[in-house]
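**Student:** Structure file target-v6.cif, mmCIF, C-alpha atoms, is pasted below:
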data_data
#
loop_
_atom_site.label_atom_id
_atom_site.label_comp_id
_atom_site.auth_asym_id
_atom_site.auth_seq_id
_atom_site.Cartn_x
_atom_site.Cartn_y
_atom_site.Cartn_z
CA ALA A 1 -57.27 53.25 -37.74
CA GLN A 2 -54.95 52.06 -34.97
CA PRO A 3 -51.22 52.01 -35.73
CA VAL A 4 -49.74 48.65 -36.69
CA VAL A 5 -47.56 47.31 -33.86
CA ILE A 6 -43.91 46.89 -34.81
CA GLU A 7 -41.01 45.22 -33.09
CA SER A 8 -39.31 48.00 -31.13
CA ASP A 9 -41.09 49.48 -28.09
CA ASP A 10 -39.49 52.85 -28.84
CA GLU A 11 -40.75 52.74 -32.42
CA VAL A 12 -44.25 51.79 -31.30
CA GLU A 13 -44.37 54.79 -28.97
CA VAL A 14 -43.13 57.17 -31.68
CA VAL A 15 -45.59 55.92 -34.27
CA GLU A 16 -48.51 56.07 -31.86
CA ASP A 17 -47.60 59.64 -30.93
CA ALA A 18 -47.56 60.61 -34.58
CA LEU A 19 -50.61 58.72 -35.84
CA LYS A 20 -53.07 58.13 -32.98
CA ARG A 21 -56.45 59.82 -32.67
CA GLU A 22 -56.87 61.59 -29.35
CA SER A 23 -60.16 61.05 -27.52
CA LYS A 24 -62.08 64.36 -27.29
CA PRO A 25 -65.56 65.44 -26.29
CA ALA A 26 -68.17 64.68 -28.94
CA SER A 27 -68.62 68.35 -29.86
CA ARG A 28 -64.94 68.62 -30.87
CA ARG A 29 -64.26 65.12 -32.15
CA SER A 30 -65.00 65.66 -35.83
CA ARG A 31 -62.96 68.88 -35.98
CA ARG A 32 -60.05 67.17 -34.26
CA ARG A 33 -60.27 64.21 -36.63
CA ARG A 34 -60.07 66.49 -39.67
CA ALA A 35 -57.10 68.32 -38.15
CA ASP A 36 -55.37 65.01 -37.39
CA LYS A 37 -55.73 63.87 -41.00
CA ASP A 38 -53.77 66.91 -42.16
CA GLN A 39 -50.95 66.34 -39.66
CA CYS A 40 -47.67 65.64 -41.44
CA VAL A 41 -46.06 62.50 -40.01
CA LEU A 42 -43.25 61.84 -42.48
CA GLN A 43 -41.11 63.71 -44.98
CA TYR A 44 -39.36 61.30 -47.34
CA PRO A 45 -36.52 61.02 -48.14
CA LEU A 46 -35.49 61.80 -44.60
CA GLY A 47 -33.46 64.88 -43.76
CA ALA A 48 -33.92 68.62 -44.16
CA ALA A 49 -31.70 68.61 -47.28
CA ALA A 50 -33.80 66.00 -49.13
CA VAL A 51 -34.67 67.03 -52.69
CA ASP A 52 -38.20 66.52 -54.05
CA ALA A 53 -39.40 65.11 -50.75
CA VAL A 54 -42.90 63.67 -50.37
CA ALA A 55 -44.79 64.76 -47.25
CA LEU A 56 -47.15 62.10 -45.86
CA THR A 57 -50.03 63.02 -43.56
CA VAL A 58 -52.17 60.90 -41.26
CA GLY A 59 -54.86 61.03 -43.95
CA ASP A 60 -52.41 59.68 -46.54
CA VAL A 61 -51.50 56.75 -44.29
CA ASP A 62 -55.21 56.02 -43.77
CA ARG A 63 -55.39 55.35 -47.52
CA LEU A 64 -53.57 52.09 -46.84
CA ASP A 65 -56.60 50.72 -44.98
CA PRO A 66 -58.49 47.95 -46.82
CA SER A 67 -60.90 49.14 -49.52
CA GLU A 68 -59.29 52.60 -49.70
CA PHE A 69 -58.08 54.27 -52.90
CA LEU A 70 -54.37 55.16 -52.85
CA ASN A 71 -53.58 58.83 -53.45
CA ASP A 72 -50.69 60.57 -55.18
CA ASN A 73 -48.57 60.95 -52.04
CA ILE A 74 -48.59 57.23 -51.26
CA VAL A 75 -47.82 56.27 -54.87
CA ASP A 76 -44.97 58.79 -55.16
CA PHE A 77 -43.61 57.81 -51.75
CA PHE A 78 -43.44 54.10 -52.48
CA LEU A 79 -41.89 54.50 -55.93
CA LYS A 80 -39.16 56.59 -54.29
CA LEU A 81 -38.67 54.05 -51.53
CA GLU A 82 -38.41 51.14 -53.98
CA THR A 83 -35.83 52.86 -56.19
CA LEU A 84 -33.83 54.95 -53.69
CA ASP A 85 -33.81 53.25 -50.27
CA ALA A 86 -31.12 50.57 -50.01
CA ASP A 87 -32.27 49.63 -46.49
CA LEU A 88 -36.03 49.23 -46.98
CA SER A 89 -36.58 48.55 -50.69
CA GLN A 90 -37.64 45.06 -51.74
CA LEU A 91 -36.22 45.77 -55.20
CA LEU A 92 -32.69 46.86 -54.29
CA ASP A 93 -29.88 44.67 -53.01
CA ASP A 94 -26.08 44.44 -53.12
CA ASN A 95 -26.19 43.88 -56.89
CA LEU A 96 -28.82 46.52 -57.64
CA THR A 97 -27.91 49.69 -55.76
CA PRO A 98 -29.64 53.08 -55.96
CA ALA A 99 -26.78 54.35 -58.16
CA VAL A 100 -27.20 51.45 -60.59
CA VAL A 101 -30.95 52.08 -60.76
CA LYS A 102 -30.53 55.82 -61.27
CA ALA A 103 -28.28 55.22 -64.29
CA GLN A 104 -31.04 53.20 -65.99
CA LEU A 105 -34.33 54.65 -64.76
CA HIS A 106 -36.19 57.93 -64.43
CA VAL A 107 -39.37 57.92 -62.32
CA PHE A 108 -41.86 60.72 -62.85
CA SER A 109 -44.15 61.91 -60.11
CA SER A 110 -47.85 61.20 -60.41
CA HIS A 111 -48.41 64.89 -61.19
CA PHE A 112 -46.43 64.80 -64.44
CA TYR A 113 -48.98 63.09 -66.69
CA THR A 114 -51.86 64.95 -65.04
CA LYS A 115 -50.23 68.27 -65.91
CA LEU A 116 -49.30 67.13 -69.43
CA ASN A 117 -52.90 66.18 -70.15
CA GLU A 118 -54.46 69.08 -68.23
CA GLN A 119 -56.02 70.27 -71.49
CA ARG A 120 -56.61 67.68 -74.20
CA ILE A 121 -53.61 67.34 -76.51
CA THR A 122 -54.46 67.42 -80.21
CA ARG A 123 -52.48 67.01 -83.41
CA ALA A 124 -52.42 70.78 -83.87
CA ALA A 125 -48.82 71.88 -83.40
CA ASP A 126 -49.70 74.83 -81.15
CA LYS A 127 -51.79 72.65 -78.80
CA ALA A 128 -49.04 70.03 -78.64
CA ARG A 129 -46.43 72.64 -77.75
CA GLN A 130 -48.69 74.19 -75.11
CA ALA A 131 -49.00 70.77 -73.50
CA TYR A 132 -45.24 70.28 -73.60
CA ASP A 133 -44.61 73.70 -72.10
CA ARG A 134 -46.76 72.78 -69.09
CA VAL A 135 -44.27 70.06 -68.10
CA GLU A 136 -41.02 71.33 -69.62
CA ARG A 137 -39.59 72.12 -66.18
CA TRP A 138 -39.98 68.48 -65.06
CA THR A 139 -36.93 67.49 -67.10
CA ARG A 140 -34.70 70.54 -66.83
CA GLY A 141 -31.24 69.19 -66.15
CA VAL A 142 -32.38 65.62 -66.91
CA ASP A 143 -31.63 63.75 -70.12
CA VAL A 144 -34.47 61.24 -70.35
CA PHE A 145 -32.86 59.80 -73.49
CA SER A 146 -29.96 58.49 -71.42
CA SER A 147 -32.35 56.23 -69.47
CA ARG A 148 -33.39 52.73 -70.37
CA PHE A 149 -36.81 53.19 -68.82
CA LEU A 150 -39.16 56.04 -67.93
CA LEU A 151 -41.84 55.24 -65.35
CA VAL A 152 -45.00 57.34 -65.74
CA PRO A 153 -47.79 56.83 -63.15
CA ILE A 154 -51.17 57.92 -64.49
CA VAL A 155 -54.23 58.89 -62.44
CA GLU A 156 -57.45 59.89 -64.22
CA HIS A 157 -61.14 59.45 -63.37
CA LEU A 158 -60.29 58.01 -59.92
CA HIS A 159 -58.20 55.24 -61.48
CA TRP A 160 -54.48 54.46 -61.64
CA SER A 161 -52.49 52.93 -64.48
CA LEU A 162 -48.80 52.77 -65.37
CA ALA A 163 -46.90 53.54 -68.56
CA VAL A 164 -43.26 52.54 -69.04
CA VAL A 165 -41.35 54.08 -71.93
CA CYS A 166 -38.69 51.54 -72.88
CA HIS A 167 -35.39 52.48 -74.53
CA PRO A 168 -36.12 56.11 -75.46
CA ARG A 169 -32.39 56.39 -76.22
CA LEU A 170 -32.96 54.29 -79.36
CA LEU A 171 -35.32 56.93 -80.77
CA VAL A 172 -32.62 59.57 -81.19
CA GLU A 173 -29.66 59.30 -83.51
CA THR A 174 -27.13 60.95 -81.19
CA ASP A 175 -27.50 58.22 -78.60
CA ARG A 176 -27.48 55.13 -80.78
CA ASP A 177 -23.75 54.51 -80.35
CA ALA A 178 -24.05 54.89 -76.58
CA ALA A 179 -26.93 52.40 -76.68
CA ALA A 180 -24.98 49.75 -78.60
CA GLY A 181 -25.71 47.24 -75.85
CA ASP A 182 -29.42 47.57 -76.68
CA ASP A 183 -29.03 47.06 -80.43
CA ASP A 184 -31.15 43.89 -80.39
CA GLU A 185 -33.97 45.73 -78.62
CA THR A 186 -36.62 48.22 -79.63
CA PRO A 187 -38.33 51.29 -78.15
CA CYS A 188 -41.92 50.86 -77.00
CA VAL A 189 -44.45 51.94 -74.39
CA LEU A 190 -45.59 49.21 -72.01
CA PHE A 191 -49.02 50.01 -70.58
CA PHE A 192 -50.39 48.35 -67.45
CA ASP A 193 -54.04 48.95 -66.50
CA SER A 194 -55.69 46.71 -63.92
CA LEU A 195 -59.23 47.57 -65.10
CA ASN A 196 -58.61 48.47 -68.76
CA MET A 197 -60.22 51.80 -67.91
CA HIS A 198 -57.76 54.31 -69.42
CA SER A 199 -57.47 54.78 -73.15
CA PRO A 200 -54.20 53.29 -74.41
CA THR A 201 -54.62 55.30 -77.62
CA SER A 202 -54.69 58.59 -75.72
CA VAL A 203 -51.82 57.63 -73.42
CA HIS A 204 -49.78 56.52 -76.44
CA PHE A 205 -50.39 59.73 -78.38
CA ASN A 206 -49.70 61.97 -75.40
CA LEU A 207 -46.40 60.28 -74.57
CA ARG A 208 -45.28 60.12 -78.22
CA THR A 209 -45.98 63.84 -78.54
CA TRP A 210 -44.25 64.81 -75.31
CA LEU A 211 -41.19 62.66 -76.04
CA TYR A 212 -40.74 64.04 -79.57
CA LEU A 213 -40.96 67.64 -78.37
CA GLU A 214 -38.55 66.77 -75.55
CA ALA A 215 -36.07 65.48 -78.14
CA GLU A 216 -36.57 68.65 -80.17
CA ARG A 217 -36.09 70.91 -77.14
CA LYS A 218 -32.93 69.04 -76.08
CA GLY A 219 -31.43 69.24 -79.59
CA LYS A 220 -31.58 65.51 -80.29
CA ALA A 221 -31.40 64.37 -83.92
CA VAL A 222 -34.50 62.44 -85.02
CA ASP A 223 -34.72 60.65 -88.35
CA ASP A 224 -37.69 61.85 -90.42
CA SER A 225 -38.94 58.28 -90.72
CA ARG A 226 -39.47 58.20 -86.95
CA ARG A 227 -41.66 61.28 -86.68
CA GLN A 228 -45.27 62.06 -87.47
CA GLY A 229 -46.01 65.76 -87.18
CA THR A 230 -45.07 66.81 -83.66
CA ALA A 231 -44.91 63.24 -82.35
CA PHE A 232 -42.88 60.11 -82.76
CA ALA A 233 -44.57 57.79 -85.25
CA LYS A 234 -46.59 54.85 -83.93
CA ALA A 235 -44.26 52.39 -85.66
CA ALA A 236 -41.20 54.01 -84.08
CA LEU A 237 -42.66 53.81 -80.56
CA PRO A 238 -45.44 51.17 -80.46
CA ILE A 239 -47.60 50.63 -77.38
CA VAL A 240 -48.02 47.18 -75.85
CA GLN A 241 -50.52 45.97 -73.25
CA PRO A 242 -49.19 42.69 -71.85
CA LYS A 243 -51.53 40.25 -70.18
CA VAL A 244 -51.20 40.99 -66.45
CA PRO A 245 -53.13 40.31 -63.21
CA ARG A 246 -56.35 42.35 -62.97
CA GLN A 247 -58.17 43.72 -59.96
CA ALA A 248 -61.60 42.39 -58.96
CA ASN A 249 -62.75 45.45 -56.99
CA GLY A 250 -63.00 49.22 -57.35
CA TRP A 251 -60.19 50.39 -55.05
CA ASP A 252 -56.95 48.44 -55.52
CA CYS A 253 -55.76 50.08 -58.77
CA GLY A 254 -53.02 52.13 -57.06
CA VAL A 255 -51.63 49.05 -55.31
CA PHE A 256 -51.67 47.19 -58.64
CA LEU A 257 -49.69 50.04 -60.22
CA LEU A 258 -47.01 49.75 -57.52
CA ARG A 259 -46.80 45.97 -57.88
CA TYR A 260 -46.62 46.23 -61.70
CA ALA A 261 -43.70 48.66 -61.32
CA HIS A 262 -41.89 46.38 -58.88
CA GLU A 263 -42.28 43.25 -60.99
CA PHE A 264 -41.26 44.93 -64.23
CA LEU A 265 -38.18 46.63 -62.77
CA HIS A 266 -37.09 43.40 -61.07
CA LEU A 267 -37.04 41.74 -64.50
CA ALA A 268 -35.86 44.58 -66.72
CA LEU A 269 -33.13 46.49 -64.87
CA ASP A 270 -29.61 45.50 -65.79
CA ARG A 271 -27.84 43.78 -62.90
CA PRO A 272 -24.81 41.48 -62.67
CA ASP A 273 -26.51 38.55 -60.93
CA HIS A 274 -29.04 37.62 -63.62
CA ASP A 275 -29.99 38.27 -67.24
CA ARG A 276 -32.50 41.07 -67.67
CA LEU A 277 -35.71 41.06 -69.68
CA LYS A 278 -35.05 41.94 -73.32
CA ILE A 279 -37.48 44.37 -74.98
CA THR A 280 -37.20 42.88 -78.47
CA SER A 281 -39.38 43.31 -81.54
CA GLU A 282 -40.53 39.70 -81.17
CA ALA A 283 -41.51 40.22 -77.53
CA VAL A 284 -43.41 43.40 -78.43
CA GLU A 285 -45.23 41.66 -81.27
CA ASN A 286 -46.24 38.78 -78.98
CA ARG A 287 -47.17 41.10 -76.07
CA PHE A 288 -44.54 39.41 -73.88
CA GLU A 289 -46.69 36.28 -73.59
CA ALA A 290 -43.57 34.08 -73.27
CA HIS A 291 -42.72 35.86 -70.03
CA SER A 292 -45.99 35.08 -68.17
CA PHE A 293 -46.58 38.57 -66.77
CA ASP A 294 -50.07 37.39 -65.82
CA LYS A 295 -48.51 35.13 -63.13
CA TRP A 296 -46.69 37.99 -61.39
CA PHE A 297 -48.88 38.10 -58.26
CA ASN A 298 -52.35 37.42 -56.84
CA ALA A 299 -54.97 39.21 -54.72
CA LYS A 300 -53.35 38.15 -51.42
CA ASP A 301 -50.08 39.74 -52.56
CA ILE A 302 -51.95 43.02 -53.09
CA ASP A 303 -53.31 42.91 -49.53
CA ARG A 304 -49.83 42.17 -48.21
CA LEU A 305 -48.39 45.12 -50.15
CA ARG A 306 -50.76 47.53 -48.40
CA GLN A 307 -49.56 46.17 -45.04
CA HIS A 308 -45.93 46.30 -46.16
CA ILE A 309 -46.13 49.96 -47.18
CA ARG A 310 -47.71 50.89 -43.84
CA GLN A 311 -44.99 49.00 -41.98
CA GLN A 312 -42.26 50.84 -43.92
CA ILE A 313 -43.88 54.17 -43.06
CA HIS A 314 -43.90 53.25 -39.38
CA ILE A 315 -40.20 52.38 -39.50
CA LEU A 316 -39.37 55.65 -41.26
CA VAL A 317 -41.46 57.71 -38.81
CA ALA A 318 -39.42 56.21 -35.98
CA LYS A 319 -36.14 56.97 -37.79
CA GLN A 320 -37.29 60.51 -38.48
CA GLU A 321 -38.19 61.08 -34.83
CA LYS A 322 -34.76 59.86 -33.73
CA LEU A 323 -33.10 62.26 -36.16
CA LEU A 324 -35.17 65.16 -34.85
CA GLN A 325 -34.30 64.26 -31.27
CA GLN A 326 -30.60 64.16 -32.13
CA HIS A 327 -30.76 67.56 -33.84
CA SER A 328 -32.66 69.12 -30.92
CA GLN A 329 -30.15 68.02 -28.29
CA PRO A 330 -27.57 70.65 -27.22
CA PRO A 331 -23.90 69.94 -27.94
CA ALA A 332 -22.01 68.11 -25.20
CA ASP A 333 -19.50 70.98 -24.80
CA ALA A 334 -22.11 73.71 -24.33
CA ALA A 335 -20.71 76.93 -22.83
CA SER A 336 -22.69 76.66 -19.57
CA PRO A 337 -25.01 74.18 -17.85
CA ASP A 338 -27.78 76.78 -17.88
CA ALA A 339 -27.46 77.22 -21.63
CA ALA A 340 -27.47 73.47 -22.12
CA SER A 341 -30.60 73.01 -20.04
CA THR A 342 -32.66 75.82 -21.56
CA GLY A 343 -31.44 76.20 -25.10
CA SER A 344 -32.76 73.11 -26.83
CA ALA A 345 -34.93 73.71 -29.88
CA SER A 346 -38.64 73.12 -29.71
CA PRO A 347 -40.08 70.15 -31.64
CA ASP A 348 -41.86 72.56 -33.96
CA ALA A 349 -38.66 74.39 -34.79
CA ALA A 350 -36.79 71.15 -35.41
CA ALA A 351 -39.43 69.50 -37.55
CA PRO A 352 -38.91 69.74 -41.34
CA ASP A 353 -41.40 71.72 -43.35
CA ALA A 354 -44.03 69.65 -45.10
CA ALA A 355 -42.86 69.50 -48.70
CA ALA A 356 -45.20 69.39 -51.66
CA PRO A 357 -45.18 66.15 -53.67
CA ALA A 358 -42.23 65.98 -56.06
CA GLU A 359 -42.56 68.01 -59.27
CA SER A 360 -46.12 69.10 -58.48
#
Step by step, read the file and then write its structure as structure tokens.
**Tutor:**
Amino acid sequence: AQPVVIESDDEVEVVEDALKRESKPASRRSRRRRADKDQCVLQYPLGAAAVDAVALTVGDVDRLDPSEFLNDNIVDFFLKLETLDADLSQLLDDNLTPAVVKAQLHVFSSHFYTKLNEQRITRAADKARQAYDRVERWTRGVDVFSSRFLLVPIVEHLHWSLAVVCHPRLLVETDRDAAAGDDDETPCVLFFDSLNMHSPTSVHFNLRTWLYLEAERKGKAVDDSRRQGTAFAKAALPIVQPKVPRQANGWDCGVFLLRYAHEFLHLALDRPDHDRLKITSEAVENRFEAHSFDKWFNAKDIDRLRQHIRQQIHILVAKQEKLLQQHSQPPADAASPDAASTGSASPDAAAPDAAAPAES
């Protein structure tokens, strides 16, 4: 796929250098194409000191072509961009900064749920604890019960869906005073599936089990009425499937997940410039029908989102290249002209290592 042309000539040249396919003799073309797909073009967030960076390859970017299935790197990348990048995010603005979002939201990588459900979780206590132990490190140093929302991307059987745990702080006694502002709201799991392909019962049980064992591991006090074996009780943490836009093909599920996340967070995050969506018992009981989630977006918006993500990658590739060029230039007060002319670092030495997807 040819790179999308962007506004700056310098940026166009950088992106083309990073993403273009070189023309080779037929006998070598397929090998070169495979090698090109594995070429890392972007590490995000930018900078060698970035924590939990996502490394995007040419092959990852190709997933944004029409009729292609999004992979874990693209999903993780865009969720980071939407919640961390004040310059490029369509969610953030002067009233909703990355710091404000971080205080309310924890976003899991797409590998979290896959690892949790690597072997089927059952009601047997030992199986439940084995499942929890597989992902225990994901939340070391993180108190998920201090968040209003937990975003959990789910990929199974070549299909994406999204679970949002709402108000986990209200499940544990020690945080109820701190959550006084949410006292008219209720914990729940919102589940968004553009094809109704994943089992909401399984997702619900797995998340209730993980969250209860997380509370236990972190020393949180849980009322006996809220637990059921090694899980939170269904009544304490109900699952809700609101009526939402559905896909009409077999490949747009990942883009739907990203748009669901954007629309929900735009409504639900606390911000000074408008009232946020309230997760009340009445709303849960009525599946949020009063809020018209099914009018969030249409098929053309999904096509535009693919193009938007590609454009943001192109902009970031150009920014990354400029950073690398700055770091490879010798200091202006170099000891000698000879040293200045021969001592610059090679592009390979300056380029950041390709990082594995966050929390994988």
**Student:** Running the PyMOL selection byres ((chain A and resi 125-140) around 7) on this model by hand, what would come out? Give it as a list of chain:residue names.
**Tutor:**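 Selected by the PyMOL selection byres ((chain A and resi 125-140) around 7) here: A:Phe112, A:Lys115, A:Leu116, A:Asn117, A:Ile121, A:Thr122, A:Arg123, A:Ala124, A:Gly141, A:Val142, A:Thr209, A:Trp210, A:Leu213, A:Thr230, A:Glu359.
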**Student:** May I have the selected residues written with C-alpha atoms, as a PDB file, keeping the file's coordinate frame?
**Tutor:**
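Okay, this is what ended up in again.pdb:
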ATOM      1  CA  PHE A 112     -46.430  64.800 -64.440  1.00  0.00           C
ATOM      2  CA  LYS A 115     -50.230  68.270 -65.910  1.00  0.00           C
ATOM      3  CA  LEU A 116     -49.300  67.130 -69.430  1.00  0.00           C
ATOM      4  CA  ASN A 117     -52.900  66.180 -70.150  1.00  0.00           C
ATOM      5  CA  ILE A 121     -53.610  67.340 -76.510  1.00  0.00           C
ATOM      6  CA  THR A 122     -54.460  67.420 -80.210  1.00  0.00           C
ATOM      7  CA  ARG A 123     -52.480  67.010 -83.410  1.00  0.00           C
ATOM      8  CA  ALA A 124     -52.420  70.780 -83.870  1.00  0.00           C
ATOM      9  CA  GLY A 141     -31.240  69.190 -66.150  1.00  0.00           C
ATOM     10  CA  VAL A 142     -32.380  65.620 -66.910  1.00  0.00           C
ATOM     11  CA  THR A 209     -45.980  63.840 -78.540  1.00  0.00           C
ATOM     12  CA  TRP A 210     -44.250  64.810 -75.310  1.00  0.00           C
ATOM     13  CA  LEU A 213     -40.960  67.640 -78.370  1.00  0.00           C
ATOM     14  CA  THR A 230     -45.070  66.810 -83.660  1.00  0.00           C
ATOM     15  CA  GLU A 359     -42.560  68.010 -59.270  1.00  0.00           C
TER      16      GLU A 359
END
**Student:** Step by step, work through what the PyMOL selection byres ((chain A and resi 102) around 12) selects in the shown file, and finish by giving those residues as number ranges by chain.
**Tutor:** A: 80, 82-85, 92, 96-101, 103-107, 142-144, 146-150, 269-270
**Student:** Go ahead and compute the interatomic distance for atom CA of A:Ala233 and atom CA of A:Asn196, in Å to one decimal.
**Tutor:**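 Separating atom CA of A:Ala233 from atom CA of A:Asn196 is a distance of 23.6 Å.
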**Student:** The PyMOL selection byres ((chain A and resi 152-164) around 8) - which residues does that actually catch in the file I just gave you? List them as an MDAnalysis selection string.
**Tutor:** chainID A and resid 107:110 112:114 149:151 165:166 189:194 197:198 253:254 257 260:261
**Student:** When you draw a straight line from atom CA of A:Glu118 to atom CA of A:Lys220, how long is it in Å?
**Tutor:**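 Pair atom CA of A:Glu118 / atom CA of A:Lys220 returns 26.1 Å.
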**Student:** What does the structure give for the distance between atom CA of A:His314 and atom CA of A:Ile302, in Å to one decimal?
**Tutor:**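 For atom CA of A:His314 relative to atom CA of A:Ile302, the distance reads 18.9 Å.
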**Student:** When you count all atoms listed in the file, which of these residues is closest to A:Leu88: A:Ile309, A:Pro187, A:Phe293, A:Arg271?
**Tutor:**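 Smallest distance to A:Leu88 is found for A:Ile309.
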**Student:** Using all atoms listed in the file, can you tell me which of A:Ile315, A:Cys188, A:Leu305, A:Ala221 comes closest to A:Arg287?
**Tutor:** A:Cys188
**Student:** Of the candidates A:Phe232, A:Tyr44, A:Trp251, A:Phe264, which shows the shortest atom-to-atom distance to A:Leu70, using only C-alpha atoms?
**Tutor:**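 Between A:Phe232, A:Tyr44, A:Trp251, A:Phe264, the residue approaching A:Leu70 most closely is A:Trp251.
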**Student:** Could you give me stretch 52-67 of chain A completed to N, CA, C and O atoms, formatted as a PDB file, keeping the file's coordinate frame?
**Tutor:**
ATOM      1  N   ASP A  52     -36.942  67.087 -53.556  1.00  0.00           N
ATOM      2  CA  ASP A  52     -38.200  66.520 -54.050  1.00  0.00           C
ATOM      3  C   ASP A  52     -38.824  65.559 -53.035  1.00  0.00           C
ATOM      4  O   ASP A  52     -39.239  64.452 -53.375  1.00  0.00           O
ATOM      5  N   ALA A  53     -38.855  65.974 -51.791  1.00  0.00           N
ATOM      6  CA  ALA A  53     -39.400  65.110 -50.750  1.00  0.00           C
ATOM      7  C   ALA A  53     -40.922  65.019 -50.855  1.00  0.00           C
ATOM      8  O   ALA A  53     -41.594  65.955 -51.295  1.00  0.00           O
ATOM      9  N   VAL A  54     -41.456  63.886 -50.456  1.00  0.00           N
ATOM     10  CA  VAL A  54     -42.900  63.670 -50.370  1.00  0.00           C
ATOM     11  C   VAL A  54     -43.305  63.780 -48.908  1.00  0.00           C
ATOM     12  O   VAL A  54     -42.703  63.138 -48.038  1.00  0.00           O
ATOM     13  N   ALA A  55     -44.298  64.603 -48.612  1.00  0.00           N
ATOM     14  CA  ALA A  55     -44.790  64.760 -47.250  1.00  0.00           C
ATOM     15  C   ALA A  55     -46.050  63.911 -47.078  1.00  0.00           C
ATOM     16  O   ALA A  55     -47.033  64.094 -47.795  1.00  0.00           O
ATOM     17  N   LEU A  56     -46.000  62.965 -46.138  1.00  0.00           N
ATOM     18  CA  LEU A  56     -47.150  62.100 -45.860  1.00  0.00           C
ATOM     19  C   LEU A  56     -47.873  62.583 -44.617  1.00  0.00           C
ATOM     20  O   LEU A  56     -47.248  62.881 -43.598  1.00  0.00           O
ATOM     21  N   THR A  57     -49.195  62.640 -44.691  1.00  0.00           N
ATOM     22  CA  THR A  57     -50.030  63.020 -43.560  1.00  0.00           C
ATOM     23  C   THR A  57     -50.718  61.781 -42.983  1.00  0.00           C
ATOM     24  O   THR A  57     -50.679  60.687 -43.576  1.00  0.00           O
ATOM     25  N   VAL A  58     -51.372  61.979 -41.840  1.00  0.00           N
ATOM     26  CA  VAL A  58     -52.170  60.900 -41.260  1.00  0.00           C
ATOM     27  C   VAL A  58     -53.227  60.440 -42.258  1.00  0.00           C
ATOM     28  O   VAL A  58     -53.479  59.242 -42.420  1.00  0.00           O
ATOM     29  N   GLY A  59     -53.846  61.385 -42.958  1.00  0.00           N
ATOM     30  CA  GLY A  59     -54.860  61.030 -43.950  1.00  0.00           C
ATOM     31  C   GLY A  59     -54.293  60.194 -45.087  1.00  0.00           C
ATOM     32  O   GLY A  59     -54.968  59.285 -45.602  1.00  0.00           O
ATOM     33  N   ASP A  60     -53.054  60.493 -45.503  1.00  0.00           N
ATOM     34  CA  ASP A  60     -52.410  59.680 -46.540  1.00  0.00           C
ATOM     35  C   ASP A  60     -52.231  58.244 -46.064  1.00  0.00           C
ATOM     36  O   ASP A  60     -52.525  57.290 -46.797  1.00  0.00           O
ATOM     37  N   VAL A  61     -51.743  58.087 -44.839  1.00  0.00           N
ATOM     38  CA  VAL A  61     -51.500  56.750 -44.290  1.00  0.00           C
ATOM     39  C   VAL A  61     -52.812  55.973 -44.171  1.00  0.00           C
ATOM     40  O   VAL A  61     -52.855  54.753 -44.390  1.00  0.00           O
ATOM     41  N   ASP A  62     -53.896  56.678 -43.854  1.00  0.00           N
ATOM     42  CA  ASP A  62     -55.210  56.020 -43.770  1.00  0.00           C
ATOM     43  C   ASP A  62     -55.618  55.399 -45.105  1.00  0.00           C
ATOM     44  O   ASP A  62     -56.437  54.471 -45.136  1.00  0.00           O
ATOM     45  N   ARG A  63     -55.067  55.904 -46.211  1.00  0.00           N
ATOM     46  CA  ARG A  63     -55.390  55.350 -47.520  1.00  0.00           C
ATOM     47  C   ARG A  63     -54.899  53.908 -47.686  1.00  0.00           C
ATOM     48  O   ARG A  63     -55.276  53.231 -48.647  1.00  0.00           O
ATOM     49  N   LEU A  64     -54.057  53.461 -46.784  1.00  0.00           N
ATOM     50  CA  LEU A  64     -53.570  52.090 -46.840  1.00  0.00           C
ATOM     51  C   LEU A  64     -54.507  51.105 -46.159  1.00  0.00           C
ATOM     52  O   LEU A  64     -54.271  49.895 -46.190  1.00  0.00           O
ATOM     53  N   ASP A  65     -55.588  51.606 -45.541  1.00  0.00           N
ATOM     54  CA  ASP A  65     -56.600  50.720 -44.980  1.00  0.00           C
ATOM     55  C   ASP A  65     -57.252  49.907 -46.095  1.00  0.00           C
ATOM     56  O   ASP A  65     -57.295  50.346 -47.252  1.00  0.00           O
ATOM     57  N   PRO A  66     -57.781  48.733 -45.799  1.00  0.00           N
ATOM     58  CA  PRO A  66     -58.490  47.950 -46.820  1.00  0.00           C
ATOM     59  C   PRO A  66     -59.616  48.752 -47.470  1.00  0.00           C
ATOM     60  O   PRO A  66     -60.260  49.575 -46.820  1.00  0.00           O
ATOM     61  N   SER A  67     -59.809  48.528 -48.743  1.00  0.00           N
ATOM     62  CA  SER A  67     -60.900  49.140 -49.520  1.00  0.00           C
ATOM     63  C   SER A  67     -60.737  50.640 -49.728  1.00  0.00           C
ATOM     64  O   SER A  67     -61.684  51.315 -50.115  1.00  0.00           O
TER      65      SER A  67
END
